[in-house]
$ cat start.cif   # mmCIF, C-alpha atoms; chains and numbers go by the auth columns
data_coords
loop_
_atom_site.group_PDB
_atom_site.id
_atom_site.type_symbol
_atom_site.label_atom_id
_atom_site.label_comp_id
_atom_site.label_asym_id
_atom_site.label_seq_id
_atom_site.Cartn_x
_atom_site.Cartn_y
_atom_site.Cartn_z
_atom_site.B_iso_or_equiv
_atom_site.auth_seq_id
_atom_site.auth_asym_id
ATOM 1 C CA MET A 1 -8.593 235.281 -21.691 0.00 1 Z
ATOM 2 C CA ILE A 2 -5.148 234.584 -20.161 0.00 2 Z
ATOM 3 C CA THR A 3 -3.232 236.065 -23.109 0.00 3 Z
ATOM 4 C CA GLU A 4 0.457 235.953 -23.938 0.00 4 Z
ATOM 5 C CA THR A 5 0.726 239.507 -22.559 0.00 5 Z
ATOM 6 C CA ILE A 6 -0.721 238.420 -19.236 0.00 6 Z
ATOM 7 C CA ARG A 7 1.669 235.474 -19.164 0.00 7 Z
ATOM 8 C CA SER A 8 4.600 237.841 -19.730 0.00 8 Z
ATOM 9 C CA VAL A 9 3.388 240.163 -16.963 0.00 9 Z
ATOM 10 C CA LEU A 10 3.334 237.224 -14.548 0.00 10 Z
ATOM 11 C CA GLU A 11 6.951 236.446 -15.459 0.00 11 Z
ATOM 12 C CA HIS A 12 7.939 239.731 -13.810 0.00 12 Z
ATOM 13 C CA GLU A 13 7.826 239.896 -10.040 0.00 13 Z
ATOM 14 C CA GLY A 14 5.429 242.191 -8.270 0.00 14 Z
ATOM 15 C CA PRO A 15 2.470 242.255 -5.908 0.00 15 Z
ATOM 16 C CA ALA A 16 -0.856 240.983 -7.240 0.00 16 Z
ATOM 17 C CA ALA A 17 -3.592 242.579 -5.140 0.00 17 Z
ATOM 18 C CA TRP A 18 -7.047 241.052 -5.165 0.00 18 Z
ATOM 19 C CA VAL A 19 -10.286 241.976 -3.532 0.00 19 Z
ATOM 20 C CA THR A 20 -13.533 240.441 -2.368 0.00 20 Z
ATOM 21 C CA GLN A 21 -16.704 241.994 -1.026 0.00 21 Z
ATOM 22 C CA GLY A 22 -17.319 241.565 2.676 0.00 22 Z
ATOM 23 C CA PRO A 23 -20.107 242.668 4.974 0.00 23 Z
ATOM 24 C CA GLU A 24 -18.034 245.713 5.960 0.00 24 Z
ATOM 25 C CA GLY A 25 -16.876 246.583 2.449 0.00 25 Z
ATOM 26 C CA PRO A 26 -13.967 245.591 0.194 0.00 26 Z
ATOM 27 C CA HIS A 27 -11.373 243.224 1.646 0.00 27 Z
ATOM 28 C CA LEU A 28 -8.048 243.731 -0.126 0.00 28 Z
ATOM 29 C CA VAL A 29 -5.284 241.110 0.026 0.00 29 Z
ATOM 30 C CA ALA A 30 -2.355 240.150 -2.185 0.00 30 Z
ATOM 31 C CA THR A 31 -0.046 237.482 -3.510 0.00 31 Z
ATOM 32 C CA TRP A 32 3.090 237.686 -5.671 0.00 32 Z
ATOM 33 C CA ASN A 33 3.089 237.328 -9.466 0.00 33 Z
ATOM 34 C CA SER A 34 5.640 234.527 -9.117 0.00 34 Z
ATOM 35 C CA TYR A 35 3.244 232.536 -6.919 0.00 35 Z
ATOM 36 C CA ILE A 36 0.545 232.449 -9.593 0.00 36 Z
ATOM 37 C CA GLN A 37 0.250 229.360 -11.768 0.00 37 Z
ATOM 38 C CA ILE A 38 -1.694 229.357 -15.011 0.00 38 Z
ATOM 39 C CA LEU A 39 -3.902 226.266 -15.065 0.00 39 Z
ATOM 40 C CA ASP A 40 -5.562 226.956 -18.406 0.00 40 Z
ATOM 41 C CA ASP A 41 -6.621 229.873 -20.563 0.00 41 Z
ATOM 42 C CA HIS A 42 -9.275 230.959 -18.048 0.00 42 Z
ATOM 43 C CA THR A 43 -7.878 229.849 -14.714 0.00 43 Z
ATOM 44 C CA LEU A 44 -5.165 230.958 -12.298 0.00 44 Z
ATOM 45 C CA ALA A 45 -4.157 229.258 -9.061 0.00 45 Z
ATOM 46 C CA PHE A 46 -2.053 230.465 -6.151 0.00 46 Z
ATOM 47 C CA PRO A 47 -1.436 229.480 -2.519 0.00 47 Z
ATOM 48 C CA ALA A 48 -3.549 230.548 0.451 0.00 48 Z
ATOM 49 C CA GLY A 49 -1.703 231.011 3.725 0.00 49 Z
ATOM 50 C CA GLY A 50 -4.251 233.139 5.543 0.00 50 Z
ATOM 51 C CA TYR A 51 -7.078 234.588 3.448 0.00 51 Z
ATOM 52 C CA ARG A 52 -9.615 233.575 6.145 0.00 52 Z
ATOM 53 C CA LYS A 53 -11.864 236.607 5.679 0.00 53 Z
ATOM 54 C CA THR A 54 -11.481 236.326 1.911 0.00 54 Z
ATOM 55 C CA GLU A 55 -12.563 232.688 2.085 0.00 55 Z
ATOM 56 C CA GLN A 56 -15.651 233.676 4.045 0.00 56 Z
ATOM 57 C CA ASN A 57 -16.502 236.414 1.557 0.00 57 Z
ATOM 58 C CA LEU A 58 -16.181 233.979 -1.348 0.00 58 Z
ATOM 59 C CA ALA A 59 -18.355 231.431 0.475 0.00 59 Z
ATOM 60 C CA ASN A 60 -20.947 234.174 0.901 0.00 60 Z
ATOM 61 C CA GLY A 61 -21.076 234.703 -2.852 0.00 61 Z
ATOM 62 C CA SER A 62 -18.541 237.468 -3.464 0.00 62 Z
ATOM 63 C CA GLY A 63 -16.824 237.645 -6.830 0.00 63 Z
ATOM 64 C CA ALA A 64 -13.100 238.388 -7.110 0.00 64 Z
ATOM 65 C CA GLN A 65 -11.042 241.058 -8.850 0.00 65 Z
ATOM 66 C CA MET A 66 -7.259 241.127 -9.203 0.00 66 Z
ATOM 67 C CA ILE A 67 -4.799 243.624 -10.633 0.00 67 Z
ATOM 68 C CA ILE A 68 -1.542 242.367 -12.090 0.00 68 Z
ATOM 69 C CA GLY A 69 1.044 244.565 -13.711 0.00 69 Z
ATOM 70 C CA ALA A 70 4.671 244.936 -14.627 0.00 70 Z
ATOM 71 C CA LYS A 71 6.565 248.069 -15.532 0.00 71 Z
ATOM 72 C CA ALA A 72 9.208 246.242 -17.569 0.00 72 Z
ATOM 73 C CA PRO A 73 9.742 245.735 -20.444 0.00 73 Z
ATOM 74 C CA ALA A 74 6.710 247.910 -21.271 0.00 74 Z
ATOM 75 C CA GLY A 75 4.478 249.100 -18.456 0.00 75 Z
ATOM 76 C CA ILE A 76 1.146 247.350 -18.580 0.00 76 Z
ATOM 77 C CA GLY A 77 -1.443 246.184 -16.093 0.00 77 Z
ATOM 78 C CA PHE A 78 -4.727 244.325 -16.177 0.00 78 Z
ATOM 79 C CA LEU A 79 -7.836 244.052 -14.058 0.00 79 Z
ATOM 80 C CA LEU A 80 -9.003 240.445 -13.953 0.00 80 Z
ATOM 81 C CA THR A 81 -12.584 239.802 -12.880 0.00 81 Z
ATOM 82 C CA GLY A 82 -14.156 236.459 -12.105 0.00 82 Z
ATOM 83 C CA ARG A 83 -14.950 234.017 -9.352 0.00 83 Z
ATOM 84 C CA ALA A 84 -12.569 232.321 -6.952 0.00 84 Z
ATOM 85 C CA ALA A 85 -12.757 229.381 -4.588 0.00 85 Z
ATOM 86 C CA LEU A 86 -10.397 227.783 -2.080 0.00 86 Z
ATOM 87 C CA GLU A 87 -9.663 224.112 -2.740 0.00 87 Z
ATOM 88 C CA VAL A 88 -8.212 221.733 -0.158 0.00 88 Z
ATOM 89 C CA ASP A 89 -6.665 218.333 -0.916 0.00 89 Z
ATOM 90 C CA THR A 90 -7.142 218.634 -4.656 0.00 90 Z
ATOM 91 C CA PRO A 91 -4.314 218.023 -7.172 0.00 91 Z
ATOM 92 C CA VAL A 92 -3.867 221.780 -7.554 0.00 92 Z
ATOM 93 C CA HIS A 93 -3.539 222.156 -3.787 0.00 93 Z
ATOM 94 C CA ALA A 94 -1.009 219.319 -3.626 0.00 94 Z
ATOM 95 C CA GLN A 95 1.026 220.876 -6.408 0.00 95 Z
ATOM 96 C CA LEU A 96 1.087 224.297 -4.726 0.00 96 Z
ATOM 97 C CA ARG A 97 1.859 222.781 -1.330 0.00 97 Z
ATOM 98 C CA SER A 98 4.933 221.058 -2.725 0.00 98 Z
ATOM 99 C CA ARG A 99 6.281 224.507 -3.587 0.00 99 Z
ATOM 100 C CA PHE A 100 4.787 226.406 -0.622 0.00 100 Z
ATOM 101 C CA PRO A 101 4.659 224.220 2.526 0.00 101 Z
ATOM 102 C CA TRP A 102 2.464 226.825 4.263 0.00 102 Z
ATOM 103 C CA CYS A 103 -0.191 226.539 1.562 0.00 103 Z
ATOM 104 C CA ARG A 104 -3.376 225.631 3.452 0.00 104 Z
ATOM 105 C CA ALA A 105 -5.508 225.745 0.304 0.00 105 Z
ATOM 106 C CA ALA A 106 -5.302 226.558 -3.383 0.00 106 Z
ATOM 107 C CA VAL A 107 -7.057 229.671 -4.552 0.00 107 Z
ATOM 108 C CA VAL A 108 -8.525 228.794 -7.937 0.00 108 Z
ATOM 109 C CA PHE A 109 -9.505 231.948 -9.782 0.00 109 Z
ATOM 110 C CA ARG A 110 -11.682 231.587 -12.896 0.00 110 Z
ATOM 111 C CA VAL A 111 -11.301 234.752 -14.931 0.00 111 Z
ATOM 112 C CA THR A 112 -14.319 235.884 -16.934 0.00 112 Z
ATOM 113 C CA GLN A 113 -13.221 239.405 -17.883 0.00 113 Z
ATOM 114 C CA VAL A 114 -9.910 241.126 -18.589 0.00 114 Z
ATOM 115 C CA GLU A 115 -9.487 244.882 -18.825 0.00 115 Z
ATOM 116 C CA LYS A 116 -6.305 246.891 -19.383 0.00 116 Z
ATOM 117 C CA VAL A 117 -6.014 249.396 -16.534 0.00 117 Z
ATOM 118 C CA LEU A 118 -2.350 250.425 -16.510 0.00 118 Z
ATOM 119 C CA GLY A 119 -0.207 251.586 -19.420 0.00 119 Z
ATOM 120 C CA MET B 1 2.767 255.756 9.498 0.00 1 S
ATOM 121 C CA ILE B 2 4.736 256.093 6.242 0.00 2 S
ATOM 122 C CA THR B 3 7.808 254.310 7.572 0.00 3 S
ATOM 123 C CA GLU B 4 11.271 253.941 6.091 0.00 4 S
ATOM 124 C CA THR B 5 10.279 250.440 4.963 0.00 5 S
ATOM 125 C CA ILE B 6 7.305 251.815 3.051 0.00 6 S
ATOM 126 C CA ARG B 7 9.543 254.461 1.495 0.00 7 S
ATOM 127 C CA SER B 8 11.946 251.757 0.337 0.00 8 S
ATOM 128 C CA VAL B 9 9.085 249.686 -1.123 0.00 9 S
ATOM 129 C CA LEU B 10 7.989 252.705 -3.158 0.00 10 S
ATOM 130 C CA GLU B 11 11.520 253.030 -4.540 0.00 11 S
ATOM 131 C CA HIS B 12 10.979 249.716 -6.331 0.00 12 S
ATOM 132 C CA GLU B 13 8.679 249.700 -9.311 0.00 13 S
ATOM 133 C CA GLY B 14 5.435 247.768 -9.276 0.00 14 S
ATOM 134 C CA PRO B 15 1.689 248.139 -9.498 0.00 15 S
ATOM 135 C CA ALA B 16 -0.067 249.744 -6.529 0.00 16 S
ATOM 136 C CA ALA B 17 -3.678 248.548 -6.591 0.00 17 S
ATOM 137 C CA TRP B 18 -6.263 250.466 -4.627 0.00 18 S
ATOM 138 C CA VAL B 19 -9.926 249.969 -4.022 0.00 19 S
ATOM 139 C CA THR B 20 -13.045 251.921 -3.155 0.00 20 S
ATOM 140 C CA GLN B 21 -16.556 250.781 -2.322 0.00 21 S
ATOM 141 C CA GLY B 22 -19.153 251.438 -5.013 0.00 22 S
ATOM 142 C CA PRO B 23 -22.867 250.751 -5.201 0.00 23 S
ATOM 143 C CA GLU B 24 -22.118 247.522 -7.089 0.00 24 S
ATOM 144 C CA GLY B 25 -19.239 246.388 -4.893 0.00 25 S
ATOM 145 C CA PRO B 26 -15.489 246.955 -4.780 0.00 26 S
ATOM 146 C CA HIS B 27 -13.959 249.063 -7.552 0.00 27 S
ATOM 147 C CA LEU B 28 -10.305 248.100 -8.023 0.00 28 S
ATOM 148 C CA VAL B 29 -7.873 250.390 -9.855 0.00 29 S
ATOM 149 C CA ALA B 30 -4.109 250.931 -9.797 0.00 30 S
ATOM 150 C CA THR B 31 -1.183 253.263 -10.162 0.00 31 S
ATOM 151 C CA TRP B 32 2.583 252.609 -10.213 0.00 32 S
ATOM 152 C CA ASN B 33 4.825 252.819 -7.141 0.00 33 S
ATOM 153 C CA SER B 34 7.003 255.317 -9.004 0.00 34 S
ATOM 154 C CA TYR B 35 4.024 257.672 -9.489 0.00 35 S
ATOM 155 C CA ILE B 36 3.411 257.957 -5.743 0.00 36 S
ATOM 156 C CA GLN B 37 4.805 260.973 -3.918 0.00 37 S
ATOM 157 C CA ILE B 38 5.123 261.068 -0.153 0.00 38 S
ATOM 158 C CA LEU B 39 3.736 264.399 1.056 0.00 39 S
ATOM 159 C CA ASP B 40 4.268 263.773 4.757 0.00 40 S
ATOM 160 C CA ASP B 41 4.317 260.907 7.241 0.00 41 S
ATOM 161 C CA HIS B 42 0.600 260.252 6.776 0.00 42 S
ATOM 162 C CA THR B 43 -0.081 261.317 3.213 0.00 43 S
ATOM 163 C CA LEU B 44 0.562 259.990 -0.285 0.00 44 S
ATOM 164 C CA ALA B 45 -0.307 261.698 -3.566 0.00 45 S
ATOM 165 C CA PHE B 46 -0.441 260.359 -7.110 0.00 46 S
ATOM 166 C CA PRO B 47 -1.939 261.385 -10.446 0.00 47 S
ATOM 167 C CA ALA B 48 -5.499 260.687 -11.603 0.00 48 S
ATOM 168 C CA GLY B 49 -5.980 260.145 -15.316 0.00 49 S
ATOM 169 C CA GLY B 50 -9.334 258.397 -15.230 0.00 50 S
ATOM 170 C CA TYR B 51 -10.545 257.191 -11.833 0.00 51 S
ATOM 171 C CA ARG B 52 -14.050 258.590 -12.590 0.00 52 S
ATOM 172 C CA LYS B 53 -15.932 255.822 -10.791 0.00 53 S
ATOM 173 C CA THR B 54 -13.398 255.918 -7.958 0.00 54 S
ATOM 174 C CA GLU B 55 -13.945 259.669 -7.607 0.00 55 S
ATOM 175 C CA GLN B 56 -17.686 259.128 -7.371 0.00 56 S
ATOM 176 C CA ASN B 57 -17.260 256.405 -4.749 0.00 57 S
ATOM 177 C CA LEU B 58 -15.017 258.674 -2.661 0.00 58 S
ATOM 178 C CA ALA B 59 -17.525 261.528 -2.981 0.00 59 S
ATOM 179 C CA ASN B 60 -20.187 259.122 -1.727 0.00 60 S
ATOM 180 C CA GLY B 61 -18.171 258.460 1.420 0.00 61 S
ATOM 181 C CA SER B 62 -16.097 255.409 0.557 0.00 62 S
ATOM 182 C CA GLY B 63 -12.767 254.914 2.295 0.00 63 S
ATOM 183 C CA ALA B 64 -9.705 253.736 0.386 0.00 64 S
ATOM 184 C CA GLN B 65 -7.346 250.786 0.698 0.00 65 S
ATOM 185 C CA MET B 66 -4.106 250.255 -1.207 0.00 66 S
ATOM 186 C CA ILE B 67 -1.578 247.439 -1.382 0.00 67 S
ATOM 187 C CA ILE B 68 2.045 248.238 -2.136 0.00 68 S
ATOM 188 C CA GLY B 69 4.812 245.710 -2.238 0.00 69 S
ATOM 189 C CA ALA B 70 8.225 244.892 -3.573 0.00 70 S
ATOM 190 C CA LYS B 71 9.926 241.528 -3.826 0.00 71 S
ATOM 191 C CA ALA B 72 13.447 242.976 -3.763 0.00 72 S
ATOM 192 C CA PRO B 73 15.615 243.281 -1.760 0.00 73 S
ATOM 193 C CA ALA B 74 13.385 241.444 0.752 0.00 74 S
ATOM 194 C CA GLY B 75 9.810 240.649 -0.213 0.00 75 S
ATOM 195 C CA ILE B 76 7.396 242.760 1.765 0.00 76 S
ATOM 196 C CA GLY B 77 4.006 244.317 1.204 0.00 77 S
ATOM 197 C CA PHE B 78 1.614 246.536 3.104 0.00 78 S
ATOM 198 C CA LEU B 79 -2.082 247.246 3.184 0.00 79 S
ATOM 199 C CA LEU B 80 -2.659 250.964 3.634 0.00 80 S
ATOM 200 C CA THR B 81 -6.110 252.046 4.821 0.00 81 S
ATOM 201 C CA GLY B 82 -7.431 255.578 4.987 0.00 82 S
ATOM 202 C CA ARG B 83 -9.381 258.189 3.117 0.00 83 S
ATOM 203 C CA ALA B 84 -8.665 259.702 -0.277 0.00 84 S
ATOM 204 C CA ALA B 85 -9.845 262.727 -2.195 0.00 85 S
ATOM 205 C CA LEU B 86 -9.219 264.132 -5.663 0.00 86 S
ATOM 206 C CA GLU B 87 -7.817 267.667 -5.694 0.00 87 S
ATOM 207 C CA VAL B 88 -7.886 269.956 -8.725 0.00 88 S
ATOM 208 C CA ASP B 89 -5.807 273.130 -9.126 0.00 89 S
ATOM 209 C CA THR B 90 -4.047 272.744 -5.803 0.00 90 S
ATOM 210 C CA PRO B 91 -0.241 272.940 -5.421 0.00 91 S
ATOM 211 C CA VAL B 92 -0.078 269.132 -5.231 0.00 92 S
ATOM 212 C CA HIS B 93 -2.044 268.841 -8.467 0.00 93 S
ATOM 213 C CA ALA B 94 0.213 271.405 -10.183 0.00 94 S
ATOM 214 C CA GLN B 95 3.289 269.516 -9.052 0.00 95 S
ATOM 215 C CA LEU B 96 1.981 266.168 -10.312 0.00 96 S
ATOM 216 C CA ARG B 97 0.796 267.725 -13.582 0.00 97 S
ATOM 217 C CA SER B 98 4.273 269.023 -14.308 0.00 98 S
ATOM 218 C CA ARG B 99 5.466 265.420 -14.268 0.00 99 S
ATOM 219 C CA PHE B 100 2.314 263.815 -15.723 0.00 100 S
ATOM 220 C CA PRO B 101 0.654 266.129 -18.286 0.00 101 S
ATOM 221 C CA TRP B 102 -2.431 263.865 -18.339 0.00 102 S
ATOM 222 C CA CYS B 103 -2.969 264.332 -14.607 0.00 103 S
ATOM 223 C CA ARG B 104 -6.541 265.677 -14.325 0.00 104 S
ATOM 224 C CA ALA B 105 -6.443 265.682 -10.521 0.00 105 S
ATOM 225 C CA ALA B 106 -4.220 264.714 -7.622 0.00 106 S
ATOM 226 C CA VAL B 107 -5.310 261.775 -5.531 0.00 107 S
ATOM 227 C CA VAL B 108 -4.422 262.693 -1.957 0.00 108 S
ATOM 228 C CA PHE B 109 -4.499 259.599 0.239 0.00 109 S
ATOM 229 C CA ARG B 110 -4.402 260.099 3.997 0.00 110 S
ATOM 230 C CA VAL B 111 -3.283 256.840 5.570 0.00 111 S
ATOM 231 C CA THR B 112 -4.681 255.993 8.994 0.00 112 S
ATOM 232 C CA GLN B 113 -3.652 252.334 9.256 0.00 113 S
ATOM 233 C CA VAL B 114 -0.784 250.210 7.971 0.00 114 S
ATOM 234 C CA GLU B 115 -0.734 246.420 8.049 0.00 115 S
ATOM 235 C CA LYS B 116 1.916 244.037 6.736 0.00 116 S
ATOM 236 C CA VAL B 117 0.210 241.630 4.328 0.00 117 S
ATOM 237 C CA LEU B 118 3.029 240.189 2.223 0.00 118 S
ATOM 238 C CA GLY B 119 6.299 238.690 3.386 0.00 119 S
#

$ encode --input "start.cif" --output "structure tokens"
Amino acid sequence: MITETIRSVLEHEGPAAWVTQGPEGPHLVATWNSYIQILDDHTLAFPAGGYRKTEQNLANGSGAQMIIGAKAPAGIGFLLTGRAALEVDTPVHAQLRSRFPWCRAAVVFRVTQVEKVLG
Amino acid sequence: MITETIRSVLEHEGPAAWVTQGPEGPHLVATWNSYIQILDDHTLAFPAGGYRKTEQNLANGSGAQMIIGAKAPAGIGFLLTGRAALEVDTPVHAQLRSRFPWCRAAVVFRVTQVEKVLG
């Protein structure tokens, strides 16, 4: 799921936008590629500073979609689909907080589908 | 609306994810910063290759949201909210097609709100 190509995309800096479904429609937020840690072949984690509305949407059952991409060396981008949850006071949260003191929670994103959307 | 800071973000390459509301929830797609042309202080345009589902969502009344960002020189990112439409055989489409032969339509995105979402 999290292929070598996706790993190489995340090694290049860029915005990683992700979206949840809210009562008033899509809620689009973002992190940076460099903030994303790969926990295992299906799971990404990154810090939450705000993301209050996103957290509410996830608690209400919304799925999550994220687009990551890098133009160099070869332009490529992927749509990642799955489910996300915010974790507080877990090992993942502690690890992220050591790098990002403002990290109020860890976003743990379990990816169930990967689609190439940028070439 | 389209400030100098936004112009400078678009001068750096990166994915520009944008989302519409569909019957089954958010539909997230992307373009590249370098593909986006600034038409005026409120309007961006970029090429559509696919975007079939997005086009349908827009025709059904969905608004559009986009996140653009660049980590260099100073990391910053913006959420742009507004309305978008696909134009065929207009001057903007002709202009984009001359640069992108696969451009089946021009996405014209009228931005009504800008919010800083990445620092």

$ resolve_selection --input "start.cif" --expression "the PyMOL selection byres ((chain Z and resi 71) around 9)" --output "PDB file with C-alpha atoms, keeping the file's coordinate frame"
ATOM      1  CA  VAL Z   9       3.388 240.163 -16.963  1.00  0.00           C
ATOM      2  CA  HIS Z  12       7.939 239.731 -13.810  1.00  0.00           C
ATOM      3  CA  GLY Z  69       1.044 244.565 -13.711  1.00  0.00           C
ATOM      4  CA  ALA Z  70       4.671 244.936 -14.627  1.00  0.00           C
ATOM      5  CA  ALA Z  72       9.208 246.242 -17.569  1.00  0.00           C
ATOM      6  CA  PRO Z  73       9.742 245.735 -20.444  1.00  0.00           C
ATOM      7  CA  ALA Z  74       6.710 247.910 -21.271  1.00  0.00           C
ATOM      8  CA  GLY Z  75       4.478 249.100 -18.456  1.00  0.00           C
ATOM      9  CA  ILE Z  76       1.146 247.350 -18.580  1.00  0.00           C
ATOM     10  CA  GLY Z  77      -1.443 246.184 -16.093  1.00  0.00           C
ATOM     11  CA  GLY Z 119      -0.207 251.586 -19.420  1.00  0.00           C
TER      12      GLY Z 119
ATOM     13  CA  GLU S  13       8.679 249.700  -9.311  1.00  0.00           C
ATOM     14  CA  GLY S  14       5.435 247.768  -9.276  1.00  0.00           C
ATOM     15  CA  PRO S  15       1.689 248.139  -9.498  1.00  0.00           C
ATOM     16  CA  TRP S  32       2.583 252.609 -10.213  1.00  0.00           C
TER      17      TRP S  32
END

$ interface_residues --input "start.cif" --of "chain S" --to "chain Z" --cutoff "10 Å" --atoms "only C-alpha atoms" --output "JSON, numbers by chain"
{"S": [12, 13, 14, 15, 16, 17, 18, 19, 20, 21, 22, 24, 25, 26, 27, 28, 29, 30, 31, 32, 33, 34, 50, 62, 63, 64, 65, 66, 67, 68, 69, 70, 71, 72, 75, 76, 77, 78, 79, 80, 81, 117, 118, 119]}

$ atom_distance --input "start.cif" --atom1 "atom CA of Trp102 of chain Z" --atom2 "atom CA of Val114 of chain S"
23.9 Å

$ atom_distance --input "start.cif" --atom1 "atom CA of His93 of chain Z" --atom2 "atom CA of Lys116 of chain Z"
29.4 Å

$ atom_distance --input "start.cif" --atom1 "atom CA of Thr90 of chain S" --atom2 "atom CA of Ala45 of chain S"
11.9 Å

$ resolve_selection --input "start.cif" --expression "the PyMOL selection byres ((chain S and resi 49) around 9)" --output "PyMOL selection string"
chain S and resi 47-48+50-52+102-105

$ residues_around --input "start.cif" --residues "Arg110 of chain S" --least-positions-apart "2" --cutoff "7 Å" --atoms "only C-alpha atoms" --output "list of chain:residue names"
S:His42, S:Thr43, S:Leu44, S:Gly82, S:Arg83, S:Ala84, S:Val108, S:Thr112

$ resolve_selection --input "start.cif" --expression "the PyMOL selection byres ((chain Z and resi 41) around 9)" --output "PDB file with C-alpha atoms, keeping the file's coordinate frame"
ATOM      1  CA  MET Z   1      -8.593 235.281 -21.691  1.00  0.00           C
ATOM      2  CA  ILE Z   2      -5.148 234.584 -20.161  1.00  0.00           C
ATOM      3  CA  THR Z   3      -3.232 236.065 -23.109  1.00  0.00           C
ATOM      4  CA  ILE Z  38      -1.694 229.357 -15.011  1.00  0.00           C
ATOM      5  CA  LEU Z  39      -3.902 226.266 -15.065  1.00  0.00           C
ATOM      6  CA  ASP Z  40      -5.562 226.956 -18.406  1.00  0.00           C
ATOM      7  CA  HIS Z  42      -9.275 230.959 -18.048  1.00  0.00           C
ATOM      8  CA  THR Z  43      -7.878 229.849 -14.714  1.00  0.00           C
ATOM      9  CA  LEU Z  44      -5.165 230.958 -12.298  1.00  0.00           C
ATOM     10  CA  VAL Z 111     -11.301 234.752 -14.931  1.00  0.00           C
TER      11      VAL Z 111
END

$ build_atoms --input "start.cif" --residues "segment 81-98 of chain S" --atoms "N, CA and C atoms" --output "mmCIF file, in the coordinates of the input"
data_model
loop_
_atom_site.group_PDB
_atom_site.id
_atom_site.type_symbol
_atom_site.label_atom_id
_atom_site.label_comp_id
_atom_site.auth_asym_id
_atom_site.auth_seq_id
_atom_site.Cartn_x
_atom_site.Cartn_y
_atom_site.Cartn_z
ATOM 1 N N THR S 81 -4.686 251.710 4.737
ATOM 2 C CA THR S 81 -6.110 252.046 4.821
ATOM 3 C C THR S 81 -6.243 253.509 5.219
ATOM 4 N N GLY S 82 -7.223 254.176 4.643
ATOM 5 C CA GLY S 82 -7.431 255.578 4.987
ATOM 6 C C GLY S 82 -8.523 256.189 4.149
ATOM 7 N N ARG S 83 -8.391 257.470 3.910
ATOM 8 C CA ARG S 83 -9.381 258.189 3.117
ATOM 9 C C ARG S 83 -8.650 258.957 2.018
ATOM 10 N N ALA S 84 -9.281 259.028 0.867
ATOM 11 C CA ALA S 84 -8.665 259.702 -0.277
ATOM 12 C C ALA S 84 -9.625 260.719 -0.855
ATOM 13 N N ALA S 85 -9.041 261.720 -1.509
ATOM 14 C CA ALA S 85 -9.845 262.727 -2.195
ATOM 15 C C ALA S 85 -9.093 263.179 -3.430
ATOM 16 N N LEU S 86 -9.840 263.600 -4.456
ATOM 17 C CA LEU S 86 -9.219 264.132 -5.663
ATOM 18 C C LEU S 86 -9.188 265.650 -5.570
ATOM 19 N N GLU S 87 -7.989 266.216 -5.769
ATOM 20 C CA GLU S 87 -7.817 267.667 -5.694
ATOM 21 C C GLU S 87 -7.485 268.212 -7.075
ATOM 22 N N VAL S 88 -8.140 269.302 -7.441
ATOM 23 C CA VAL S 88 -7.886 269.956 -8.725
ATOM 24 C C VAL S 88 -7.398 271.385 -8.462
ATOM 25 N N ASP S 89 -6.357 271.771 -9.215
ATOM 26 C CA ASP S 89 -5.807 273.130 -9.126
ATOM 27 C C ASP S 89 -5.280 273.485 -7.746
ATOM 28 N N THR S 90 -4.755 272.503 -7.059
ATOM 29 C CA THR S 90 -4.047 272.744 -5.803
ATOM 30 C C THR S 90 -2.549 272.650 -6.098
ATOM 31 N N PRO S 91 -1.694 273.074 -5.190
ATOM 32 C CA PRO S 91 -0.241 272.940 -5.421
ATOM 33 C C PRO S 91 0.181 271.496 -5.695
ATOM 34 N N VAL S 92 -0.426 270.541 -4.996
ATOM 35 C CA VAL S 92 -0.078 269.132 -5.231
ATOM 36 C C VAL S 92 -0.457 268.722 -6.647
ATOM 37 N N HIS S 93 -1.625 269.150 -7.100
ATOM 38 C CA HIS S 93 -2.044 268.841 -8.467
ATOM 39 C C HIS S 93 -1.080 269.467 -9.473
ATOM 40 N N ALA S 94 -0.706 270.715 -9.259
ATOM 41 C CA ALA S 94 0.213 271.405 -10.183
ATOM 42 C C ALA S 94 1.546 270.671 -10.263
ATOM 43 N N GLN S 95 2.011 270.227 -9.113
ATOM 44 C CA GLN S 95 3.289 269.516 -9.052
ATOM 45 C C GLN S 95 3.214 268.193 -9.825
ATOM 46 N N LEU S 96 2.139 267.447 -9.612
ATOM 47 C CA LEU S 96 1.981 266.168 -10.312
ATOM 48 C C LEU S 96 1.783 266.387 -11.813
ATOM 49 N N ARG S 97 1.070 267.466 -12.166
ATOM 50 C CA ARG S 97 0.796 267.725 -13.582
ATOM 51 C C ARG S 97 2.067 268.081 -14.342
ATOM 52 N N SER S 98 3.009 268.676 -13.635
ATOM 53 C CA SER S 98 4.273 269.023 -14.308
ATOM 54 C C SER S 98 5.036 267.755 -14.697
#
